[in-house]
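J.: One structure, as C-alpha cells, below. Some questions next.
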Amino acid sequence: MATVTMRNIIKIYGEFVAIKGVDIDVEDGSFVVLVGPSGCGKSTLLRMIAGLETISHGELRIDDKLVNDLPSRDRGIAMVFQSYALYPHMSVSDNLGFGLKISGVNAGEIDRRRDEAAAMLGLDPYMDRRPSQLSGGQRQRVAIGRAMVRDPEVFLFDEPLSNLDAKLRNQTRIEIKRLQRELKATVIFVTHDQVEAMTLADKIVVLQDGRVAQIGSPLDVFERPRNQFVAGFIGAPSMNLLDATVGSDANGPLIRAGGIDVAVPPDRFDLPPEGTPVVLGVRPEDIVPEGHGSRPTLGADFAAKVNFAEMLGNESLLFAHLGDTEIVARMQHPRAVDPDETLNFRIDGSRVHVFDKQTQDTVLR
Ligand SMILES: Nc1ncnc2c1ncn2[C@@H]1O[C@H](COP(=O)(O)OP(=O)(O)OP(=O)(O)O)[C@@H](O)[C@H]1O
Ligand SMILES: [Mg+2]
C-alpha cells in the first residue's frame with residue numbers, strides 16, 4: 001500500500017495548460033474519487049500518476065519517493081480503463097496471467113495470484129472463455145482482475161463502469177468498494193457519475209478546468225460546497241440557483257428571491273449588508289411540496305404551477321417557476337400531479353446556500 005502526493009502538478013500540451021497546479025494528498029488505503037465535467041482534466045491527471053503522460057511541472061510522490069521521471073512499470077501502479085482492452089484471442093485465464101508472465105514471474109506464483117483474483121471476482125466459471133464470450137460486466141471484472149494480480153501499490157480507475165448498464169453498474173460498484181476494503185488498497189477513481197462519487201469515496205476531489213475546486217468527504221462537498229460551481233455539480237438534480245438580495249425583518253436575516261422572502265438562520269452565514277445582490281442556492285429536496293414531508297419551520301412559502309412532473313416511482317421531480325427562474329422540487333412519496341396543477345411549496349430556510357454574486361464563493365460560516 002502507498003500514499004500518493006501531488007504538489008503543484010501542471011500539465012501543458014503545447015500552448016494549452018490542461019492541469020493548472022494541483023495539490024492532492026491520497027492517504028494509504030483510501031479511496032479518492034476525481035469528479036468534474038468533461039474536459040476538466042481527470043484523465044490527464046490519472047495518466048500522469050500512471051506515468052503514461054509526462055509531468056510538465058510539480059512533484060508527484062508515491063510514498064515518499066519522487067516518481068516524476070520513473071517509468072510507468074516501476075511505479076507499482078495498475079490502471080483500469082473504461083474500455084477493458086483485453087486480449088481478444090486469449091482465454092480469461094491467460095488474460096489474467098499474461099502481464100505477470102512477461103514480467104518473468106514464475107508459473108507457480110502466477111497460478112496463485114490468478115486463482116486468488118478469480119475467486120475474489122467470481123471469475124472461476126469463465127477461466128477458459130474468450131472475452132467475446134463474456135458479458136460487459138464479466139469483461140470489466142477480468143480487467144480489474146488483471147490489475148489485481150499485479151499486486152499494485154495503487155489502483156487507478158478511469159470511468160471503469162461507464163460501459164455497463166445501470167444494474168451491472170451498481171453491482172460492480174459495490175464489488176469494487178468491497179475489494180478495496182478487503183485489499184486495503186489505495187485507489188484513485190475517475191467518474192462523472194454522482195452516485196459513484198458519493199458512495200465510493202472517502203474523499204472527493206472536484207476538478208474544474210484543470211484546478212481543484214474542492215476536496216472533502218462526500219458529505220462535506222454536498223453540505224458545504226465552497227462555491228457555486230461545486231454546489232451545482234454535486235447533487236442530482238442540481239441545486240437551484242436564484243438571483244437574490246440580502247434583507248431582514250424583525251425576526252432576523254432573510255434572502256429575497258423570485259418575489260419571496262426566505263428566512264434564514266442568523267448564525268449560518270456571514271451575510272453582506274442589506275440590499276447586496278447574492279445568489280440563493282436551494283436543493284430540490286429542500287423545496288417541499290405541501291403534504292409531502294414535514295413542514296420546515298424556517299423558510300418561505302410560495303404557490304406555483306407545475307410545468308412538468310417527472311415520475312421516478314419513489315419520488316417525483318416537479319418543475320415550476322419561482323419568479324423568472326425555472327426550479328425543480330423533489331416530491332417524496334409522490335402522488336399523481338395533474339398538468340398545470342398549482343401546488344404550495346415551502347423552502348427550507350435552514351438548509352439553503354448563499355453565494356457572493358461576484359466571487360461565486362459561499363458565504364456559509
Ligand atoms: N494529448 C493532448 N493534447 C492536447 N490537449 C489534450 C491532450 N489530451 C487532453 N487534452 C486536453 O486536456 C483537457 C483535459 O482532458 P482530459 O481527457 O483529462 O479530460 P477529462 O476530464 O478526462 O474529460 P472526460 O470526462 O470527457 O473524459 C481537454 O481540454 C483535452 O482536450
Ligand atoms: Mg476522461
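Ligands are numbered from 1 in the order shown, chains are lettered A, B, ... in the order of the C-alpha cells, and residues start at 1 in each chain.
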Quick one: contact table of stretch 150-262 of chain A to stretch 14-26 of chain A, 12 Å max, nearest atom pair and distance in Å to one decimal per residue, counting only C-alpha atoms, chain and number order, as CSV?
T.:
residue,atom,partner,partner_atom,distance
A:Val154,CA,A:Val26,CA,10.0
A:Phe155,CA,A:Val26,CA,11.7
A:Leu156,CA,A:Val26,CA,11.9
A:Ala185,CA,A:Val26,CA,11.4
A:Thr186,CA,A:Val26,CA,7.8
A:Val187,CA,A:Val26,CA,8.5
A:Ile188,CA,A:Val26,CA,8.0
A:Phe189,CA,A:Val26,CA,11.4
A:Ala201,CA,A:Val26,CA,11.4
A:Asp202,CA,A:Val26,CA,9.9
A:Lys203,CA,A:Val26,CA,8.6
A:Ile204,CA,A:Ile24,CA,10.5
A:Val205,CA,A:Ile24,CA,8.1
A:Val206,CA,A:Ile24,CA,10.9
A:Leu207,CA,A:Val22,CA,9.3
A:Gln208,CA,A:Ile19,CA,9.7
A:Asp209,CA,A:Ala18,CA,7.5
A:Gly210,CA,A:Ile19,CA,4.1
A:Arg211,CA,A:Lys20,CA,5.6
A:Val212,CA,A:Val22,CA,6.3
A:Ala213,CA,A:Val22,CA,10.0
A:Gln214,CA,A:Ile24,CA,10.4
A:Ile215,CA,A:Ile24,CA,8.2
A:Gly216,CA,A:Ile24,CA,10.9
J.: Would you output that residue set with N, CA, C and O atoms, as an mmCIF file, in the first residue's frame?
T.:
data_model
loop_
_atom_site.group_PDB
_atom_site.id
_atom_site.type_symbol
_atom_site.label_atom_id
_atom_site.label_comp_id
_atom_site.auth_asym_id
_atom_site.auth_seq_id
_atom_site.Cartn_x
_atom_site.Cartn_y
_atom_site.Cartn_z
ATOM 1 N N VAL A 154 -0.925 1.024 -5.864
ATOM 2 C CA VAL A 154 -2.040 1.953 -6.100
ATOM 3 C C VAL A 154 -2.838 1.482 -7.311
ATOM 4 O O VAL A 154 -2.260 1.124 -8.332
ATOM 5 N N PHE A 155 -4.178 1.505 -7.170
ATOM 6 C CA PHE A 155 -5.065 1.211 -8.294
ATOM 7 C C PHE A 155 -5.588 2.523 -8.865
ATOM 8 O O PHE A 155 -6.053 3.382 -8.109
ATOM 9 N N LEU A 156 -5.541 2.647 -10.183
ATOM 10 C CA LEU A 156 -6.141 3.809 -10.837
ATOM 11 C C LEU A 156 -7.279 3.316 -11.724
ATOM 12 O O LEU A 156 -7.103 2.370 -12.498
ATOM 13 N N ALA A 185 -6.634 -1.419 -0.293
ATOM 14 C CA ALA A 185 -5.912 -0.815 -1.408
ATOM 15 C C ALA A 185 -6.065 0.708 -1.423
ATOM 16 O O ALA A 185 -7.074 1.244 -0.968
ATOM 17 N N THR A 186 -5.046 1.370 -1.955
ATOM 18 C CA THR A 186 -5.143 2.794 -2.242
ATOM 19 C C THR A 186 -5.705 2.925 -3.655
ATOM 20 O O THR A 186 -5.163 2.349 -4.586
ATOM 21 N N VAL A 187 -6.809 3.662 -3.785
ATOM 22 C CA VAL A 187 -7.497 3.747 -5.083
ATOM 23 C C VAL A 187 -7.724 5.210 -5.462
ATOM 24 O O VAL A 187 -8.157 6.017 -4.643
ATOM 25 N N ILE A 188 -7.429 5.525 -6.717
ATOM 26 C CA ILE A 188 -7.835 6.814 -7.285
ATOM 27 C C ILE A 188 -8.760 6.484 -8.462
ATOM 28 O O ILE A 188 -8.382 5.745 -9.360
ATOM 29 N N PHE A 189 -9.972 7.023 -8.407
ATOM 30 C CA PHE A 189 -11.063 6.581 -9.270
ATOM 31 C C PHE A 189 -11.694 7.794 -9.941
ATOM 32 O O PHE A 189 -12.113 8.727 -9.254
ATOM 33 N N ALA A 201 -16.350 7.147 -2.412
ATOM 34 C CA ALA A 201 -15.220 7.961 -1.975
ATOM 35 C C ALA A 201 -15.081 8.068 -0.457
ATOM 36 O O ALA A 201 -16.069 8.195 0.261
ATOM 37 N N ASP A 202 -13.838 7.986 0.017
ATOM 38 C CA ASP A 202 -13.515 8.535 1.333
ATOM 39 C C ASP A 202 -13.346 10.044 1.170
ATOM 40 O O ASP A 202 -13.691 10.825 2.040
ATOM 41 N N LYS A 203 -12.787 10.394 0.000
ATOM 42 C CA LYS A 203 -12.514 11.797 -0.270
ATOM 43 C C LYS A 203 -12.844 12.077 -1.731
ATOM 44 O O LYS A 203 -12.440 11.329 -2.610
ATOM 45 N N ILE A 204 -13.593 13.145 -1.955
ATOM 46 C CA ILE A 204 -13.919 13.562 -3.322
ATOM 47 C C ILE A 204 -13.064 14.772 -3.690
ATOM 48 O O ILE A 204 -12.922 15.702 -2.900
ATOM 49 N N VAL A 205 -12.495 14.723 -4.890
ATOM 50 C CA VAL A 205 -11.787 15.884 -5.421
ATOM 51 C C VAL A 205 -12.604 16.396 -6.598
ATOM 52 O O VAL A 205 -12.781 15.685 -7.586
ATOM 53 N N VAL A 206 -13.140 17.611 -6.472
ATOM 54 C CA VAL A 206 -13.906 18.199 -7.573
ATOM 55 C C VAL A 206 -12.953 19.040 -8.410
ATOM 56 O O VAL A 206 -12.339 19.976 -7.887
ATOM 57 N N LEU A 207 -12.813 18.662 -9.680
ATOM 58 C CA LEU A 207 -11.937 19.410 -10.576
ATOM 59 C C LEU A 207 -12.776 20.310 -11.471
ATOM 60 O O LEU A 207 -13.864 19.921 -11.919
ATOM 61 N N GLN A 208 -12.247 21.505 -11.702
ATOM 62 C CA GLN A 208 -12.911 22.442 -12.617
ATOM 63 C C GLN A 208 -11.823 23.070 -13.466
ATOM 64 O O GLN A 208 -10.929 23.730 -12.916
ATOM 65 N N ASP A 209 -11.877 22.801 -14.766
ATOM 66 C CA ASP A 209 -10.993 23.493 -15.679
ATOM 67 C C ASP A 209 -9.517 23.398 -15.241
ATOM 68 O O ASP A 209 -8.806 24.404 -15.206
ATOM 69 N N GLY A 210 -9.082 22.198 -14.902
ATOM 70 C CA GLY A 210 -7.670 21.980 -14.573
ATOM 71 C C GLY A 210 -7.248 22.393 -13.181
ATOM 72 O O GLY A 210 -6.057 22.357 -12.862
ATOM 73 N N ARG A 211 -8.224 22.799 -12.354
ATOM 74 C CA ARG A 211 -7.900 23.196 -10.982
ATOM 75 C C ARG A 211 -8.767 22.433 -10.002
ATOM 76 O O ARG A 211 -9.861 21.980 -10.355
ATOM 77 N N VAL A 212 -8.302 22.352 -8.750
ATOM 78 C CA VAL A 212 -9.122 21.741 -7.708
ATOM 79 C C VAL A 212 -10.132 22.774 -7.228
ATOM 80 O O VAL A 212 -9.749 23.842 -6.745
ATOM 81 N N ALA A 213 -11.412 22.464 -7.374
ATOM 82 C CA ALA A 213 -12.448 23.368 -6.872
ATOM 83 C C ALA A 213 -12.700 23.101 -5.391
ATOM 84 O O ALA A 213 -12.951 24.026 -4.613
ATOM 85 N N GLN A 214 -12.663 21.854 -4.982
ATOM 86 C CA GLN A 214 -12.863 21.500 -3.567
ATOM 87 C C GLN A 214 -12.428 20.062 -3.321
ATOM 88 O O GLN A 214 -12.579 19.193 -4.182
ATOM 89 N N ILE A 215 -11.874 19.835 -2.138
ATOM 90 C CA ILE A 215 -11.561 18.480 -1.686
ATOM 91 C C ILE A 215 -12.272 18.270 -0.362
ATOM 92 O O ILE A 215 -12.201 19.126 0.514
ATOM 93 N N GLY A 216 -12.954 17.141 -0.199
ATOM 94 C CA GLY A 216 -13.601 16.876 1.082
ATOM 95 C C GLY A 216 -14.286 15.525 1.074
ATOM 96 O O GLY A 216 -14.305 14.832 0.053
#
J.: Set the distance at 9 Å and use only C-alpha atoms: which residues neighbour A:Ser132 once local chain neighbours fewer than 6 positions away are removed? I'd like the list as a ChimeraX atom specification.
T.: /A:88-89,139
J.: Using only C-alpha atoms and all ligand atoms, what does the table of chain A residues within 9 Å of ligand 2 look like, with each row giving the shortest atom pair and its distance in Å to one decimal, sorted by chain and ascending number, as CSV?
T.:
residue,atom,partner,partner_atom_place_in_ligand_line,distance
A:Ser38,CA,ligand 2,1 (Mg),6.9
A:Gly39,CA,ligand 2,1 (Mg),7.0
A:Cys40,CA,ligand 2,1 (Mg),8.4
A:Gly41,CA,ligand 2,1 (Mg),7.0
A:Lys42,CA,ligand 2,1 (Mg),5.5
A:Ser43,CA,ligand 2,1 (Mg),4.1
A:Thr44,CA,ligand 2,1 (Mg),7.2
A:Leu46,CA,ligand 2,1 (Mg),8.8
A:Asp158,CA,ligand 2,1 (Mg),6.8
A:Glu159,CA,ligand 2,1 (Mg),7.4
A:Val190,CA,ligand 2,1 (Mg),7.6
A:Thr191,CA,ligand 2,1 (Mg),8.2
J.: With N, CA, C and O atoms kept, could you save the residues just selected as an mmCIF file, in the first residue's frame?
T.:
data_model
loop_
_atom_site.group_PDB
_atom_site.id
_atom_site.type_symbol
_atom_site.label_atom_id
_atom_site.label_comp_id
_atom_site.auth_asym_id
_atom_site.auth_seq_id
_atom_site.Cartn_x
_atom_site.Cartn_y
_atom_site.Cartn_z
ATOM 1 N N SER A 38 -16.720 17.083 -18.275
ATOM 2 C CA SER A 38 -15.898 16.607 -19.381
ATOM 3 C C SER A 38 -14.848 17.653 -19.748
ATOM 4 O O SER A 38 -15.159 18.829 -19.868
ATOM 5 N N GLY A 39 -13.609 17.207 -19.888
ATOM 6 C CA GLY A 39 -12.536 18.089 -20.306
ATOM 7 C C GLY A 39 -11.849 18.825 -19.177
ATOM 8 O O GLY A 39 -10.935 19.627 -19.416
ATOM 9 N N CYS A 40 -12.236 18.572 -17.918
ATOM 10 C CA CYS A 40 -11.643 19.314 -16.794
ATOM 11 C C CYS A 40 -10.253 18.786 -16.430
ATOM 12 O O CYS A 40 -9.544 19.405 -15.651
ATOM 13 N N GLY A 41 -9.870 17.627 -16.960
ATOM 14 C CA GLY A 41 -8.507 17.139 -16.745
ATOM 15 C C GLY A 41 -8.387 15.874 -15.905
ATOM 16 O O GLY A 41 -7.285 15.521 -15.474
ATOM 17 N N LYS A 42 -9.482 15.173 -15.676
ATOM 18 C CA LYS A 42 -9.457 13.974 -14.831
ATOM 19 C C LYS A 42 -8.527 12.895 -15.392
ATOM 20 O O LYS A 42 -7.651 12.391 -14.684
ATOM 21 N N SER A 43 -8.734 12.569 -16.672
ATOM 22 C CA SER A 43 -7.911 11.506 -17.274
ATOM 23 C C SER A 43 -6.455 11.936 -17.375
ATOM 24 O O SER A 43 -5.545 11.139 -17.137
ATOM 25 N N THR A 44 -6.243 13.181 -17.704
ATOM 26 C CA THR A 44 -4.875 13.683 -17.811
ATOM 27 C C THR A 44 -4.139 13.504 -16.481
ATOM 28 O O THR A 44 -3.012 13.020 -16.447
ATOM 29 N N LEU A 46 -4.846 11.424 -14.045
ATOM 30 C CA LEU A 46 -4.674 9.990 -13.765
ATOM 31 C C LEU A 46 -3.523 9.411 -14.592
ATOM 32 O O LEU A 46 -2.711 8.629 -14.092
ATOM 33 N N ASP A 158 -10.177 4.660 -14.515
ATOM 34 C CA ASP A 158 -10.715 5.773 -15.298
ATOM 35 C C ASP A 158 -12.093 5.391 -15.841
ATOM 36 O O ASP A 158 -12.200 4.686 -16.842
ATOM 37 N N GLU A 159 -13.138 5.846 -15.186
ATOM 38 C CA GLU A 159 -14.532 5.567 -15.571
ATOM 39 C C GLU A 159 -14.736 4.096 -15.935
ATOM 40 O O GLU A 159 -15.226 3.794 -17.020
ATOM 41 N N VAL A 190 -11.739 7.786 -11.259
ATOM 42 C CA VAL A 190 -12.331 8.904 -12.000
ATOM 43 C C VAL A 190 -13.745 8.542 -12.430
ATOM 44 O O VAL A 190 -13.987 7.446 -12.919
ATOM 45 N N THR A 191 -14.659 9.464 -12.249
ATOM 46 C CA THR A 191 -16.017 9.241 -12.736
ATOM 47 C C THR A 191 -16.671 10.595 -12.958
ATOM 48 O O THR A 191 -16.217 11.602 -12.433
#
J.: Can you list, as JSON, numbers by chain, all residues belonging to stretch 124-354 of chain A that DSSP tags as strand (DSSP E)?
T.: {"A": [154, 155, 156, 157, 158, 186, 187, 188, 189, 190, 203, 204, 205, 206, 207, 208, 211, 212, 213, 214, 215, 216, 240, 241, 242, 243, 244, 245, 246, 247, 248, 249, 252, 253, 254, 255, 256, 257, 260, 261, 262, 263, 277, 278, 279, 280, 281, 282, 287, 288, 289, 299, 300, 301, 302, 303, 304, 305, 306, 307, 308, 309, 310, 311, 315, 316, 317, 318, 319, 320, 321, 322, 325, 326, 327, 328, 329, 330, 331, 332, 342, 343, 344, 345, 346, 347, 348, 353, 354]}
J.: Would you pick out the contacts of A:Thr245 at 8 Å or less, using only C-alpha atoms, so that residues sharing its chain but fewer than 2 positions from it are not included, and give the list as a PyMOL selection string?
T.: chain A and resi 243+247+255-257+274-279
J.: Would you put the residues from that selection into a file with C-alpha atoms, as a CSV table (one decimal), in the first residue's frame?
T.:
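As written to disk, part-v7.csv reads:
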chain,number,residue,atom,x,y,z
A,243,ASP,CA,-30.6,35.8,-8.2
A,247,GLY,CA,-32.7,41.6,3.5
A,255,ILE,CA,-32.9,36.3,1.4
A,256,ARG,CA,-35.2,37.9,-1.2
A,257,ALA,CA,-35.5,35.8,-4.4
A,274,GLU,CA,-28.7,44.5,3.3
A,275,GLY,CA,-29.5,45.1,-0.4
A,276,THR,CA,-26.4,43.4,-1.6
A,277,PRO,CA,-27.1,41.1,-4.7
A,278,VAL,CA,-26.3,37.4,-3.9
A,279,VAL,CA,-27.2,34.0,-5.3
J.: Going by DSSP on the backbone, which residues of stretch 209-291 of chain A come out as alpha helix (DSSP H)? List them as a ChimeraX atom specification.
T.: /A:218-223,228-233
J.: Please save C-alpha atoms of the selected residues as a short mmCIF file (atom, residue, chain, number, x, y, z; two decimals), in the first residue's frame.
T.:
data_model
loop_
_atom_site.label_atom_id
_atom_site.label_comp_id
_atom_site.auth_asym_id
_atom_site.auth_seq_id
_atom_site.Cartn_x
_atom_site.Cartn_y
_atom_site.Cartn_z
CA PRO A 218 -18.77 13.20 0.24
CA LEU A 219 -20.90 14.76 2.96
CA ASP A 220 -18.64 17.77 3.15
CA VAL A 221 -18.81 18.66 -0.54
CA PHE A 222 -22.56 18.08 -0.53
CA GLU A 223 -23.38 20.01 2.66
CA GLN A 228 -21.39 27.91 -6.90
CA PHE A 229 -19.62 25.53 -9.23
CA VAL A 230 -19.31 22.73 -6.65
CA ALA A 231 -22.85 23.43 -5.44
CA GLY A 232 -24.18 22.99 -8.96
CA PHE A 233 -22.01 20.00 -9.79
#
J.: At a cut-off of 8 Å, using only C-alpha atoms, what residues contact A:Phe319? Leave out same-chain residues fewer than 5 positions from it and give the result as a PyMOL selection string.
T.: chain A and resi 306-309+326-329
J.: Nearest residue to ligand 1 out of A:Pro339, A:Gly97, A:Pro160, A:Gly76, using only C-alpha atoms and all ligand atoms?
T.: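 Residue with the minimum atom-to-atom distance to ligand 1: A:Pro160.
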J.: Would you work out the distance separating atom CA of A:Leu298 from atom CA of A:Thr362, expressed in Å to one decimal?
T.: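 Atom CA of A:Thr362 lies 20.2 Å from atom CA of A:Leu298.
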J.: Rounded to one decimal, what separation in Å do you get between atom CA of A:Val149 and atom CA of A:Ala118?
T.: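 Pair atom CA of A:Val149 / atom CA of A:Ala118 returns 9.4 Å.
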